[in-house]
Each structure stands twice: as structure tokens, then as C-alpha cells.
Amino acid sequence: MYAELYCQSNFSFLTGASDPEELVNTAAFLGYEALAITDECSVAGVVRAHAEIRRNRLPLKLIVGSRLVLSDSLTLVLLCPHKQAYTELCRIISNARRRSPKGEYTLAEWDLKSLKHCLALWLPSGKQQQDNHWGDWLCSNFGDRVWIGAQRLLDGLDTQRFEHIEHLQTKFAVPVCACTGALFHHTDRLSVQHALHAIREHTTVQSLGRQGLCNAERSLRPLRKLSKLYPRQWLDETRKIAGLCSFNLQELKYQYPAELVPGGHTATSYLRECVERGIRRRFPGGISQKIRTIIEKELTLIEEQQYEYFFLTIHDIVQFAQQQNILYQGRGSAANSVVCYCLEITAVDPRQINVLFERFISKERDEPPDIDVDFEHQRREEVIQYIYQKYGRERTALAATVICFRFKSAFREVGKALGFAESQLDFVIKNINRRDRVIPWQQQLQQCGLATDTPKVQQLVTLTEAILGFPRHLSQHVGGFVISAGPLYELVPVENAAMAERTVIQWDKDDLESLGLLKVDILALGMLTAIRKSFALINRQFKEEVSIPFITGLGDDRQVFDMLCKADTVGVFQIESRAQMSMLPRLKPRKYYDLVVQIAIVRPGPIQGDMVHPYLLRRHGDEAISYPSDEVKNVLSRTMGVPIFQEQVIQLAMVAAGFSGGEADQLRRAMASWKKNGRLHEFQDKLINGMLERGYSLDFSQRLFEQIKGFAGYGFPESHSASFAVLAYVSAWLKHYFPVEFYVGLLNSWPMGFYTPSQIVQDAQRHHITILPVCINHSGYDHKVEAQGHNKALRLGFRIIKGLSEQSAQEIIKSRPTNGFQSIDEVQALAVDAGDLAALASANAFEPVAGNRYQARWQIMDQQRNLPLFSNSSGYDQQTLLLQPNEVENLLEDYESTSLSVQRHPIKLLAQSQNLSRFCFAEQLSELSDKSVVHIIGCVTGRQSPGTASGVTFVTLEDHTGNINVVVWQATARHQQQAFLKATLLQVDGILERSKEGVTHVIAGKLTDRSDWLNTLSLKSRDFH
Amino acid sequence: MNDAEFSLLQLPGIWRAKEGLNVSGCTRQETGHRELDKALNGGFPPSGLVRIRSHLGIGELSLLQSIICQPKSQKLLVFVAAPGLVQAPWLKQLGVDLPQVYVIQPPNDNEALWATEQCLKSGACRMVVLWQTALQPKPARRLQVAATHNHTLCLLMESLQSSRLSLPVTLDLALHPSEQSLYADILKQQGGWPRENIPVRLQHTPDNSAIMKAMAAASPIYSGSSQAG
Amino acid sequence: MLWLYLDFYQLTLDAALHQPLQTPMIVYHPADNRIMQCCQQAQAAGIEVGMGMAQAASLSPSLKVLNYHSDMEAQQLSAIAHQLYQIVSDIVLLPPAHLAIRLDSHLRYYNGLTPLWLTLKNELQRAGRHYHYGSGWSVESAKVLARARCNRLLAAPAAIRQQLQNTAIEHTDLTDKQKQALNRVGIRNLKTLLNLPATELGKRFHNDLIRYVCALNGSKPSPVTFFRPAENFHRHQELSYEADKTAQLIPWLHSLLNELMIFLRLRNTCTAHVYLTLHFRDEAPLKLDVRAATAMAHQKEWQALVELKIEQIVLPAPVVAIALASGTLEEPNGQSNDFFEDRFEYFNQMQLIGRLQARLGAERVLQPQEQNDYRYEPVPRAVANNVSIPALPGYPALCSPIPFPLAQPCRITYGPLRLHTGWWDEQPVCRDYYIAVTETGQYLQIFKDPGQGWFVHGWYC
């Protein structure tokens, strides 16, 4: 029997060539007693190995360790016999990582000296003199906790190694143990390891030459072979060492930050007090008995699961946000509860959405509570710094996300390693359609000019497939915070993230979940910024305080829902995309819960499981609502028997297919995170047989599994959809009742959402809101509402001008005289650099004080005026330049400087120069009958080919009256490739198609490229996302 | 009696064989193997044609490591008509400076002789190693004259299979291995007597001894190294 | 002054287009991923100069791509210059693909502009060169009109000025920044730019723009350097009688090499490369190139080398004429006539190697190279030998080019050394190497291929 004590997974980035899961499975298969996962100054891979052993109940002991290099003459493999040793290891890994930039580490001799419990495997460097020095050093510092690691790699150096080891053994009386330094679990992963090594050295596999491995011996080898290679004594030594190690990751317990609970209180008593305080504030009129019993039920559940600290932590963060007037919103399964509403974590009155209660925390599923809190995306950093400052950099850090090789990076890096030309690789990547489900990417290589029968290209394909999904580097999770009582590095090593001032733990959110450790998600949401800015503008005019609870309190407003049914939703949260706009008239939402469904239904899950059509039929009463069985009835009653949400699918799996709680959890994990979807197919037959046994139709179960596959990667839980529905409703309400404030809020929080400022401004103009251009005397830095007669207009701010720094803009605003600047000289006299002045001139901001923009810019270019010698020469000979920009030039300058124009739309300009009588425009489409031939023209503002639509591309044409959705089949696109790909101004002759709910599309027949009519209109279209 | 002898020495006509050794004025090149150097009166001759008869691959070149690599000299080292490709890493391990080495693969024996003669006559080489079987005395004579006249050492490696012809060489050696070490027979040398069975200790290839020792020490039951062939 | 400016916009294509072909062909610059030139069929398929490769390929799948090499285009350009040099002497070479020719100095020989222009046009027509052209009173103005593709020969200053005024700014040689600044102020064509007073321009722009505008206006011509053809030694010698044995060529060679020495002596240069061409009555001429290790001039040295070269040549037929041409001429560096001892050494060695290579052929005189690979046999496309990592221990002295099966019983003394590498090229290796000693005491390097048994690969001499 044998224990492998030195083995690196692919979490030693670009070195190891096997997943931790593969390593532990192979080790168990080969009959090893124990396996140590010892990645390069990291324990990132051990949790996955631990989870795999627990899942498959493998007869293998996992030893946690790490390989550390002090200098080119001392390399150690540290192993953790028990928890204190593990804590020490985490500490020195954190110190080593924090001393150097991301991805590197520098070890100090002192670190190793401070180790009192870790066992050390010494890998001698072979240099006589240094090894003698380090031998003494190790014996004095480690005593009996050090072994010499002997490797037999059949690379011709074995004899020297054995001689050297024999000499060291006699000189220092240190026991010797066998080890391999495995980098992969099976010999045919050698080529993958070579490729990774070449990628790390930025060279080709061939020129790696003698730097790379000469054979595949550094893999997990069968016992029979090991006994031939190593002396029996050295093999037995490994079992002795494995015997000393008893540490199990399960022992890691999570201690919560103690300072949250004030003196004299226990966690539960303090939580009850906060809830009582919340009830007084949230329910001024007192609460009904029903709500009180629910609160008691929830509190007892929280006490049993000891999650009090979790809620108190979030409560504390939320209090801070309120004081700083940062808009926030809690979401997630645990968020839909009265306790959260009282703790002011969620803003939705539970009486509105009483249906979601039993989803709170279910004991039998043993799922850790999952609460995400969204903050305004421009002020989230303040919240993060508050957390760091309150708990200290030692006790809090962000969870990690493991950035893996996706197709594009894998194909490109492997191609370069095999010696392919970079321009050829880019060309192939650009021409491969990853979403084409008909021909997989491997066969598409042929059309891109790669001879797929040559061995080199076959190697490229196999290596790319092997490397897909390999971890590439650690990055910071978008918002997951880990907060602990004691220093965090006793729990898990902490390292620097790419961003300054940010630290990341080496485990990702799945690792934390599998160890039952909690994390708090602090996320950013652009719409919250827009809503808060709109609220600020509104509250300045009215005494009534407008806020989210205020709006939700008003109940479902009929006029707002009418607006939604007309799909007039540009700028509304979550339901502004083209797909949503074409779904709204079909679904006709009338109440809040309809919005929850609307948000979740336009997603790959329901679409792939083709659950959309049946839901619509049942909603409009065209199909009777039937349930295959009554257990299914109480799961699907809310969505009329059609599974839409991720939770429903999981509950169905448990109820209809007999999955246990744990299996359901694995199904959820497999769906939620991006894994090789082989993992999902394991559940396929289990689910279908389970459902067939219980009498469900094969068709229903297959459709259910399709839906599950759809959810992979885009799992959209009902709780998140419910919280988003709140914001969608609030933004729709604002757009209906306070349009100007809504648009100003939206534009001031850009970049966010689906549309460009130009499209938002045009939507505002279509709602008869006058847009006032940027002006040197009136504009502030942000856009603002300006009274114009009795109605309100939108004044564009300096922030819209490209190339103008905020600091110069503030300077201009600050030193603007009361009655405004009279001439450009006054502005030039300010300490503003010429580049900013030129940008202002091009945006025509000097229009009130100077002639046209060319005049202004020509004058600004004259540097001599501000030389001291010439400063007194007053006046300026106007007549030297008499150029006057015409309308088209004005339009071009507008787009060039502010990427939008308040003057006329390019198509309107075109109508003068060309006769566009034969074309019909967006607003006139509604008068045409279905299936009539139509000629339309417009600027191409978007090309989209979503994965779910097989081969169809949606092109959005924009003219001065609105947007037209054009459907281009793959054949027409391929046939008229030139016009389809290159046109910015496109004429389409096709057939109008209108569904009975009034959604109009134009099926493209002939595409003609009209870009030459408007030769240099620089309008960028948002393509293919 | 020595006074008669003394007078004989002064006669110009008398020439003693040993004096031929230092007529060329430079010292012998030590091979580093004590008995062999003693038998060769100090080592290899500085120049001239030296024949070495042996099987291929018994260490016949490693034996002359100290002569083959002479770091201070700028002159060339040329290998002519070697039975295989001369390996650069082996030269480097031997200590030879690669840019000074040329390998010539002539199409036939005559071209090999022409090339060797050109190298010797050019005075640009410090040593030429030629592999040739059944070299005739006449061409050997030409090589001997060219080598001595241009102070260059020319090694002729001859296989034991071919029968021995007596050639006008400055030194004629034969090597044959036995169990532990190598034995050299000096068949003919200028200015010295022939000697038989001079032991030469040479270990020119690595072996598995350290591994075997560790394996044996660990468990006596472990059998010897695997047999091959 | 009257200048003609020729812009050869598809030099590489012209060189490749001598035989008519159907498939669309483009010249592609891989460094900045841009199409430089495209032929008629390519333009018909919608491909334009400046497009990216991906877009071009998606527009026409069966595309023939030539790679753009600036030095190849420069060679083509100098070939055209040599050709036109017979007609006009004042040519200015402007790489990569432009020529400026001063016409007014030649009007007297061709008595009139049109005859001169027609001869030039026919010469270029015959050579199959495509170009845009323009004429003006200075090189710069002619260049602007050529880039604006006005393709008309204007002599009268008024006509030139009128043509210049309505050409757009981007055809000029202004920097992009200057062009952008002018566009943003509404100055799109040269008319407004040329009318602006120099003082106003001076206040706003750098003075090299002012100098360029003056050149455009023709007020101050900028200096130009004219083209001079390079010289090379070339002599053709008809033999008085047909020589069927190479020995008979020696005296003729002697005289030719003498002339070569004089030619080189006059220019104080020497050459390392000489081409000897033997012409036969009906056979194709036989071209021999004799390469010396260092540049030499002296007749005696060349004589020895050339004689060595022609000694082994078997003449297919009697030689009627021989021609001798020299390669590129080089300055005589100090070392060729330096008599210090080690310098003599180096020179001596070079001469020996030169002689051996001349007789045996360069491929038989080698220097052993260390390759950065584990495999013992020479590897295809082996990488440069800057190998810092020492080779594995136990390297054999000689290796057999092709491993042969092991015939004699032997005992393993060292190994195994397992090699599992080279999967990326045509010689993958998966072998266990051992050192074994035979009964006759020979140390062999042997290896075991999985499945095919034992082979011998080298000897430990």
C-alpha cells in the first residue's frame, strides 16, 4: 500500500493538467491509502477534492498541503497533520501571497521558522553545498517533522539523486520517503501538460525542448510499478506519514464577528430586539396576528439553524446604507420573509407577496440562506470600504471566482503553443459560430481554412477540448464577502486581487457552500442609481416623500400596466430588451405577480423547455389548466401548471422524480454554475425514469429536462425575479408619472441598461419632451430638469461631451458669471486646457457667445492669443474664416462630440436630399395589414442572433419615428452577406408580419446597402451580443 | 669501462634510439593514466600518426580525454569518416569547445585520405581523428610525414576485425577490455620498447550502482538488475 | 519645372499577374492585418483596400492571398527604374512604390511633351505595370494629384492650380492630427487651405506644415536626390575553339579572373561570391556558383577555388562560351591582409574549410550542433541551440543515423531512461534507453520500443 504525498492539481495554474476530482478518483482506483493535494502556494483545489471524496464516498484519505519554493536551492512540500498545522499553513501562504503582486508569492525564511506543527517534505536541489546548509537548517527548525522526498522519474538523473539522498540521509539522519510530484492523473495527459507549460513560458511546445518533461512518469502510478521503482522502506515511510495526518476540512467551523451583538445581549435576544424595532417602524398601525405567528415561526427556525449572526451582519450593513442615503434592495430566497422586511433588508411589504413564505429556509433541504443585497452601482464602493474598515482587512475578504479557459482563450493559447500563426487563429475564432448547434465548432474549422486531416490540427482540437474548463487564474467574486470573528487566514489563505486595496480568499462560492460557510453578496445595480436620482429630483418639488415602499404601497396602478402592455418600456428595468418588448403585448401583465413571471419567462430555460407557449394559452384561457398530479398542483399552482422558475423545476424533481434533498442540491449546483454539461446528463435518466415510475408522461419529463438544460448557466430563481419585478414596476411607475425626472435619472447613471443615450433621448422626444442642447451658460455637469414655460424640459449636461474632463467642466460652472459668459475670450481666460475648449466648441456649447462651432474652434486654436505679449491686442478679425457648417455637417459634429443629436434624425435629413416617398416609416407600419409587402429604410443600431433562435438574426433599424425589428433568416444573410455585414444605412424590402397581439416584425427579403447616401455618418451599432 | 663508452657517444655517427624521443623538442602529452604514461615515456607523442586498434565503443576516445580537449589551443579538432554521427553533448561533457570542432563525412576512403592530408598540411588543426580499416603503408607514410612536418597529431582508429599490417607510425596501440578494466598493448613505439597488458582504469559510462545499493539495502529479497537481450 | 509622379498601387500583383487567372487575388499585409492590393475580380466581390482579412474572406471564400513584402516591392521598383533609365535620366526613387520623373529637362530631346509621355507610357504598358499618375510644378503637388488619381498630364500652371484646388485634404501628406484639426474647422479641400494667409497658419500650426503648403504652391522646390543604377562585374567570353575537357577552360578562366581582379581593384572592393556560367551549343547553360569563406579579390585565390570547382564537372557537351559575374561587392575589411599569428590562424582555417567544401560539397563538412530536444536523432525544424540546460547524463559519443536491431547478447549496466516526447512533430518517440556492455566489452546505447523489441542507437567510444 502507498500514500502519494506530493501531487499538484490544475489549480497550480498552467502546471497541473488534471482536476482535483480526477486525481482523487484515480488515486482511489489505484488503491492508494491517502493523497495529498499540494498546489503551488495555494489550497484552492483541496475543497473540490474533499467534496468529490464525500460525494463518491471514496476509500481515500485527503491530506491538505502546499508546495512552497523559498529559493532555487530550497523547495518544500508542507503537509497538515491537524487543524493547528492547517492554520499555520494558511497564515504563511497568506503572508507570502500578500507580499507580492497577484499570481506570484515571495516566501521569507522567518515564515518557515514559525511553523510548529506542519510536516515538511524536503526536495533536495542536488547542489551539494546548499543542501548541506539547508539540511542543518531544517533539522534544527523542524526536528523530527522533516523527511527527504525521493523522486524516481526515469529521466537519467535518478542515479545522481539516489547518491545525493544516500549522502544526506547518513549526514543528517533524516528519514527518506518516496514521492512522485504527480502533475496529472493519467499518462495521456502529458501533451496537455506540455501545452500548459508552453503557454506559461509564452513559447511553442517545440522550442520548450529540454525545459519540458521528458516522459510521463510524473503521474499517479500503479502500486506494482512503484514497488519496482522504490525501496520498500521508502514506500512504508509514506504510510507512516499519512498515518500522522488526521485533519479533515469538515472541522472548519465558522465563527461570526462578535462585536455585532452589544453587551448584555445574546445573538437571538438582540435579533428579536431589532425585529421588534422594525415592526414598530414598518407597521405603524400594529400587525395582525397572522403576521405575528409567521414572525415567530421564522425566528425559531433561525435560532435552530444558528443563522442569527448572518441576518445581524446584513442588518448592520443595511443600516449603514440607510444613513448614507444609498438606495439598496435585498433579494434571494431568505429575503422573502417578514423578518427581513422588519430588519429593512427588503423593501417589499410581505402582505403584497404573501405567497412566497414557505420558501424561507427549509430545514430538510439544508440549504444555507442566500441573501444578495444590491446597491447603487456608483456608490457600492463606499459600502465595501465600510465593511473593510469595520471588520479590518484581516477579518474580511471577497470570495474568489475561478476564471477558466473558455473556448476563445483556450483555442488561441493552444494554437500559439503549437506554432500556428496568430493572425490565422484570430481569423478562425472570428468565423466560428459557437452557437451553431447544427455543426459543432470542430467541423467548422474546415471552412475557415484549417486542413482538419493533418495531425497538427487534430492535436489542436483535442488539446483545446482537454483544456476547456481548466482554471486559468483567481479573480474576485462580483460581490461575495466572507466576514469572520478571528483572522480570516486561519480559515482560508487570503491573496491580493488585481484591483488595489482588494483581497480575495482562495476558495470560490461553491467551495464555501460545500463547507457550509456563509457569504454575504454585495452587488451593484445601475437601475438603483437611476431610481434614487429620479427620487431626489422629485422630492425636491413635492413635500410627499417618494420611495419604493411608498410606490409599492399604492398597489397595482392600471395606467402603468396599460403602458407596459403597449410595450412602451424603453429604460424600464429588466423588460426593455427587444425580446421582452415583443413578449409584453402577448402576456399583457395586469398585476405584480404577472411582472414576476414576465421577467423570468424571456430566458433560455423556459424557451428551451418550450414552456412559454402553453403558459400564454392557459393565461388567456384558450387551454384548460390541468395538473398531472396533485403534488405537482401545489408546486405549479402559481404559474398555472407550467414550470417557469428554477425552484419549481427543483421541487418537481423532488416531488415528481423522487430526488432526495441532497440530490436536488447537486442538481441545483450543476445547473447554476458553468460546468462541462456532462455533469447534467448524469441526472437525465435518473429524472426521466423517476417521473415515468410515478406515472408522468414521457413528453412532460423530457420537456422538463430540456428546461433544466436551458437553466444551466442562466438559472433564474423566483425570489430574484420577485425582487427585480419590484424595481421594474417602480421604474415603469416613474416613467409614467414623472417622465422628465426618469429620463434625467437614467441618463445621469449611464452606462447601464440596454439602450445608448442617443436612443434614450429619441424615446424622450417621442414622448414630447423638449431636449435642450449643451450650453456654456446653462448646462451643469449632470443633466438636469429645466422649467420651460409651464412644462419641464431636459437640459443636457457637460458629462455628455466626449473628451471634456469633469474637473474643467466644474471649473467653468464655478466661475460662470451670473449673466453668463459674453465671449469665448472670457472662457479662454479660465485655467482650462485647449483640448477641453476644443471639445466644448465642437459640441456647439459656445453657440450663444460665438458664431458657429467652426468659428469657435478656429478661434480656440489660435494659441498666440494667450501668450502674454499678445494678450492686450483686443478684437479679432472675424473675416478670415467664413465657413458655415450645413445641417449634415452639424449632425456629424453632434454625433462626433456627444454621440447623440437633438436636431433632426439622419433619416429626416435624408428625406430632403433623396426622395424617400416610396419608403414607409416605423409609426406608419401599424396602419399596414399583416403579410403586406413593405419597403423600409433606417440606420442599423443593432444586430443580435440569440442562441435560442436557430440561425435567425434580429436587425434593429432606427428612423426618426421609431425602431423597426427586422428578421433576417440565415439564408438571406448568407446570400446577401455584403449588405448584411457592412451596411450602416440599410434599405429592406420584405413582408410585414403581425401576431394577433400586435407585435410587428418585417421578414427581410432584399437587403440594399444605402450607406453611401449618408457618407460619413459615424453611428456605431451594437452588434452580436 | 664507461670512458670508452663516453668517447663512443661523441662520435657524430652514433644515434641512440631514445634520443629520437626529444629530437622534436616538445614534451609528450600525458594521457592521465599513470602506467600507460610510464610505458609511453611520459605520454603520447606531440605529433605524428598514431594507430589505435580496438573494437568500437570500449572507451577508446574517452581514454584520451586530456589530449582531445586542450582549452588553450585555438586550432581545429577534426573527425573524419566516423562510423556514426559525432554527438555535440558528448563533446561538451568531455570539455571540448564546440566551435573548434569539424566533422567530415567523405563519400569514400580515398576522399577521406585526401581530406585528412589537407587538414594536416593546412597547419590549422591540432588533431585529426580518422576511422579507416586496412590502410596501406604508402598512404600511411604520407600521413606520417604530413603530421610530423606540421606538428599535428593524427589518430588512426582501426577495427580489430581487420588483420594488422605493419605501418610506418610513431605509435601503434591496441586496446582490449577485460572484466573490470581496460588493457593496452604497445605494439610499436618510436624510441621505446613494446609492452603488453598495461592496465588502464576507465569508467566512461554511468551505472545503476547507487539505485541498486538503495534497493538492496532496503529489502534483501530484491533480485539483481533485469537481464536484457 | 514640370514633374510627373507615378504611384504603382499594385506592384506585387503586377509581378504575379503575368498569366491571366480567374480566382480573385489580393495582397495581404499580415503585420497590420490589412489588404494592400486587390485585383479586378476581388474588387467585383466587394473587397476594398484597407479591409481586414476576416471580412475579405467572408465576402469571397475562394481567395488567393499573397503576402506583402516591402523589400520584394522595392526590388520591383528598382527594376522599373533601371528600365526607365534608358529613356529619362532624372528619376527620383521614392520607396515603397512611387517614382517621380522630371520632364522639362528632356523636352528638347523628344521635342515636345507628348512624344516623351507616350514613350514612357508604352514602356510601362509593355512591362504590364498598373499605376496612377499626376503632374505638377513640384514633386509634392504632383504627388497629391497622383494620390487623388487625377490621371491627367497637365502642363499649364493654371490647369494644375485649378485641379489642385478641388482635391480633398486627405490626399495630402499632412499628419492625421493636422488633417483632423482642419476637418473640425470645416477646411475639407485645398482651395481654402491654400488661400489662408501664412501668418494665420503660422499662429496655429507647426512650421513644417507651412513649408509643405509652400511646396504645394510651387513657391519653394524641396531638394531631391536622383537615381544611379548599381554596378556589378559581368563578362561574357566566347571561346575560340570548343572545349570538351574542363582543363582546357583554365587559361580562359585565368584571363577572366584577372579582369575581375582589376575591376575590383579599381573600386577597392572584393567579393565573396562568383558565378561561372558555361554555355553549350544546344544544351541549357550550366550555372556554377563558387563561394569563398571570406571576401577575396586576388586572382590567385579565386583561380585555385574555381579550378577545384570545375575539376569534377562532367561536361554534357563541348563548351562554346563562358561568362563570369561577381556577387555583391564588399569593402575589404581589415582582416583579409592582417599578418598577426592568430589572425593568420583564422584565415588559415577558413581557407582549409573553403577548400574542403569546394571539393566534397558543403553538406559533407559540418560543425556539430547541440539541439534543444531530448531525442538523440536530429529533429525536424530543430530550434536554435542556445541551450542553457545541460543534456541528460550518459550521452553516447557516436550515434547511428538509423537504429538497427540488437543482435548480440549483452548485460544492462545503466537505465532505464524513459523518453516519451516529440508528439508535436512527425518523429514521436516513446522508448526506454539503456547502456549495455557486450561480451566483447563494447558499451552500446540500446533502447526498447514498446512492442517492437531492442535496437542499438549509439556507441560509447
# chains A, B, ... in the order shown; residues from 1 in each chain; ligands from 1

$ residues_around --residues "Asp172 in chain B" --least-positions-apart "2" --cutoff "9 Å" --atoms "only C-alpha atoms" --output "NGL selection string"
:B and (49-53 or 166-167 or 169-170 or 174 or 185-189)

$ interface_residues --of "chain B" --to "chain C" --cutoff "9 Å" --atoms "only C-alpha atoms" --output "ChimeraX atom specification"
/B:55-63,74-76,82-91,93,98-107,111,115,118-119,122-125,176-179,204-209,225-229

$ atom_distance --atom1 "CA of Ser731 in chain A" --atom2 "CA of Leu587 in chain A"
19.2 Å

$ residues_around --residues "Pro46 in chain B" --least-positions-apart "6" --cutoff "10 Å" --atoms "only C-alpha atoms" --output "number ranges by chain"
B: 24-30, 67, 126-127, 147-148, 151-154

$ write_last_selection --atoms "all heavy atoms" --output "short mmCIF file (atom, residue, chain, number, x, y, z; two decimals), in the first residue's frame"
data_model
loop_
_atom_site.label_atom_id
_atom_site.label_comp_id
_atom_site.auth_asym_id
_atom_site.auth_seq_id
_atom_site.Cartn_x
_atom_site.Cartn_y
_atom_site.Cartn_z
N SER B 24 62.21 16.16 -31.43
CA SER B 24 61.22 17.18 -31.85
C SER B 24 61.10 18.27 -30.79
O SER B 24 60.34 19.20 -30.97
CB SER B 24 59.87 16.46 -32.01
OG SER B 24 59.59 15.87 -30.73
N GLY B 25 61.74 18.16 -29.68
CA GLY B 25 61.88 19.30 -28.78
C GLY B 25 60.69 19.53 -27.87
O GLY B 25 60.83 20.05 -26.79
N CYS B 26 59.46 19.03 -28.20
CA CYS B 26 58.37 19.41 -27.24
C CYS B 26 58.07 18.17 -26.35
O CYS B 26 58.34 17.04 -26.73
CB CYS B 26 57.09 19.84 -27.94
SG CYS B 26 57.14 19.66 -29.70
N THR B 27 57.44 18.44 -25.25
CA THR B 27 57.23 17.33 -24.28
C THR B 27 56.10 16.42 -24.76
O THR B 27 55.28 16.80 -25.61
CB THR B 27 56.79 17.94 -22.93
OG1 THR B 27 55.59 18.69 -23.25
CG2 THR B 27 57.85 18.90 -22.39
N ARG B 28 56.03 15.24 -24.19
CA ARG B 28 54.99 14.27 -24.53
C ARG B 28 53.66 14.76 -23.96
O ARG B 28 53.65 15.55 -22.99
CB ARG B 28 55.32 12.90 -23.91
CG ARG B 28 56.74 12.45 -24.15
CD ARG B 28 56.92 11.95 -25.55
NE ARG B 28 56.27 10.63 -25.75
CZ ARG B 28 56.50 9.90 -26.86
NH1 ARG B 28 57.28 10.35 -27.82
NH2 ARG B 28 55.90 8.72 -27.00
N GLN B 29 52.55 14.29 -24.51
CA GLN B 29 51.22 14.70 -23.98
C GLN B 29 50.72 13.61 -23.03
O GLN B 29 50.53 12.46 -23.45
CB GLN B 29 50.21 14.85 -25.13
CG GLN B 29 50.57 16.01 -26.07
CD GLN B 29 49.57 16.08 -27.23
OE1 GLN B 29 48.67 15.26 -27.35
NE2 GLN B 29 49.76 17.08 -28.08
N GLU B 30 50.54 13.99 -21.75
CA GLU B 30 50.14 12.97 -20.78
C GLU B 30 48.69 12.53 -21.02
O GLU B 30 47.83 13.36 -21.36
CB GLU B 30 50.23 13.56 -19.36
CG GLU B 30 51.66 13.56 -18.82
CD GLU B 30 51.68 14.07 -17.38
OE1 GLU B 30 50.55 14.39 -16.90
OE2 GLU B 30 52.76 14.15 -16.77
N ILE B 67 43.96 14.62 -23.92
CA ILE B 67 44.64 15.03 -25.17
C ILE B 67 43.61 15.69 -26.09
O ILE B 67 43.86 16.73 -26.71
CB ILE B 67 45.27 13.79 -25.84
CG1 ILE B 67 46.38 13.24 -24.93
CG2 ILE B 67 45.80 14.15 -27.22
CD1 ILE B 67 46.96 11.95 -25.39
N ARG B 126 44.93 20.99 -34.70
CA ARG B 126 45.85 20.46 -33.68
C ARG B 126 45.72 18.92 -33.63
O ARG B 126 46.62 18.25 -33.18
CB ARG B 126 45.52 21.04 -32.30
CG ARG B 126 44.10 20.76 -31.78
CD ARG B 126 43.92 21.43 -30.40
NE ARG B 126 42.52 21.52 -30.01
CZ ARG B 126 41.84 20.55 -29.43
NH1 ARG B 126 42.44 19.38 -29.19
NH2 ARG B 126 40.57 20.69 -29.10
N MET B 127 44.60 18.39 -34.11
CA MET B 127 44.46 16.92 -34.02
C MET B 127 43.43 16.46 -35.04
O MET B 127 42.39 17.14 -35.23
CB MET B 127 43.96 16.56 -32.60
CG MET B 127 43.77 15.05 -32.38
SD MET B 127 43.52 14.83 -30.59
CE MET B 127 43.30 13.09 -30.56
N ALA B 147 51.92 14.78 -40.88
CA ALA B 147 51.62 15.06 -39.46
C ALA B 147 52.85 15.60 -38.75
O ALA B 147 52.84 16.68 -38.15
CB ALA B 147 51.13 13.78 -38.77
N THR B 148 53.99 14.84 -38.90
CA THR B 148 55.20 15.28 -38.17
C THR B 148 55.66 16.64 -38.70
O THR B 148 55.96 17.55 -37.94
CB THR B 148 56.33 14.24 -38.35
OG1 THR B 148 56.29 13.82 -39.74
CG2 THR B 148 56.12 13.03 -37.47
N HIS B 151 53.55 19.39 -37.17
CA HIS B 151 53.33 19.34 -35.71
C HIS B 151 51.88 19.07 -35.36
O HIS B 151 51.26 19.76 -34.55
CB HIS B 151 53.76 20.68 -35.04
CG HIS B 151 55.08 21.17 -35.52
ND1 HIS B 151 56.26 20.44 -35.34
CD2 HIS B 151 55.42 22.24 -36.30
CE1 HIS B 151 57.25 21.10 -35.93
NE2 HIS B 151 56.78 22.19 -36.52
N THR B 152 51.26 18.14 -36.08
CA THR B 152 49.84 17.82 -35.78
C THR B 152 49.76 16.35 -35.42
O THR B 152 50.50 15.53 -36.00
CB THR B 152 48.97 18.07 -37.05
OG1 THR B 152 49.43 19.28 -37.64
CG2 THR B 152 47.53 18.18 -36.71
N LEU B 153 48.87 16.01 -34.50
CA LEU B 153 48.71 14.61 -34.08
C LEU B 153 47.58 14.00 -34.91
O LEU B 153 46.51 14.61 -35.07
CB LEU B 153 48.33 14.57 -32.59
CG LEU B 153 48.19 13.14 -31.99
CD1 LEU B 153 49.53 12.38 -32.07
CD2 LEU B 153 47.72 13.23 -30.53
N CYS B 154 47.84 12.85 -35.53
CA CYS B 154 46.76 12.22 -36.31
C CYS B 154 46.50 10.83 -35.72
O CYS B 154 47.39 9.99 -35.62
CB CYS B 154 47.23 12.05 -37.78
SG CYS B 154 45.94 11.24 -38.76
#

$ closest_residue --among "C:Asn372, C:Gln162, C:Ser219, C:Asn268" --to "Glu330 in chain C" --atoms "only C-alpha atoms"
C:Asn268

$ interface_residues --of "chain C" --to "chain A" --cutoff "9 Å" --atoms "only C-alpha atoms" --output "VMD selection string"
chain C and resid 30 to 31 33 45 to 46 53 to 55 57 to 59 61 181 to 182 184 to 187 196 to 197 200 203 to 205 371 to 374 381 to 384 387 389 to 394 414 to 426 430 432

$ residues_around --residues "His298 in chain C" --least-positions-apart "6" --cutoff "9 Å" --atoms "only C-alpha atoms" --output "VMD selection string"
chain C and resid 257 to 258 260 to 261 265 270

$ write_last_selection --atoms "N, CA and C atoms" --output "PDB file, in the first residue's frame"
ATOM      1  N   LEU C 257      39.409  35.945 -64.592  1.00  0.00           N
ATOM      2  CA  LEU C 257      39.631  36.284 -63.173  1.00  0.00           C
ATOM      3  C   LEU C 257      40.558  37.484 -63.044  1.00  0.00           C
ATOM      4  N   ASN C 258      41.472  37.588 -64.001  1.00  0.00           N
ATOM      5  CA  ASN C 258      42.344  38.761 -63.991  1.00  0.00           C
ATOM      6  C   ASN C 258      41.524  40.037 -64.147  1.00  0.00           C
ATOM      7  N   LEU C 260      38.517  40.431 -63.450  1.00  0.00           N
ATOM      8  CA  LEU C 260      37.720  40.619 -62.211  1.00  0.00           C
ATOM      9  C   LEU C 260      38.568  41.339 -61.176  1.00  0.00           C
ATOM     10  N   MET C 261      39.869  40.870 -61.087  1.00  0.00           N
ATOM     11  CA  MET C 261      40.725  41.483 -60.054  1.00  0.00           C
ATOM     12  C   MET C 261      40.905  42.967 -60.348  1.00  0.00           C
ATOM     13  N   ARG C 265      39.901  45.856 -58.010  1.00  0.00           N
ATOM     14  CA  ARG C 265      40.987  46.747 -57.547  1.00  0.00           C
ATOM     15  C   ARG C 265      40.584  48.200 -57.788  1.00  0.00           C
ATOM     16  N   CYS C 270      36.084  43.892 -52.760  1.00  0.00           N
ATOM     17  CA  CYS C 270      36.311  42.457 -53.041  1.00  0.00           C
ATOM     18  C   CYS C 270      34.965  41.739 -52.917  1.00  0.00           C
TER      19      CYS C 270
END

$ select_by_dssp --residues "range 822-865 of chain A" --states "alpha helix (DSSP H)" --output "list of chain:residue names"
A:Ile824, A:Asp825, A:Glu826, A:Val827, A:Gln828, A:Ala829, A:Ala834, A:Gly835, A:Asp836, A:Leu837, A:Ala838, A:Ala839, A:Leu840, A:Ala841, A:Ser842, A:Arg853, A:Tyr854, A:Gln855, A:Ala856, A:Arg857, A:Trp858, A:Gln859, A:Ile860, A:Met861

$ atom_distance --atom1 "CA of Gln125 in chain C" --atom2 "CA of Tyr9 in chain C"
14.8 Å
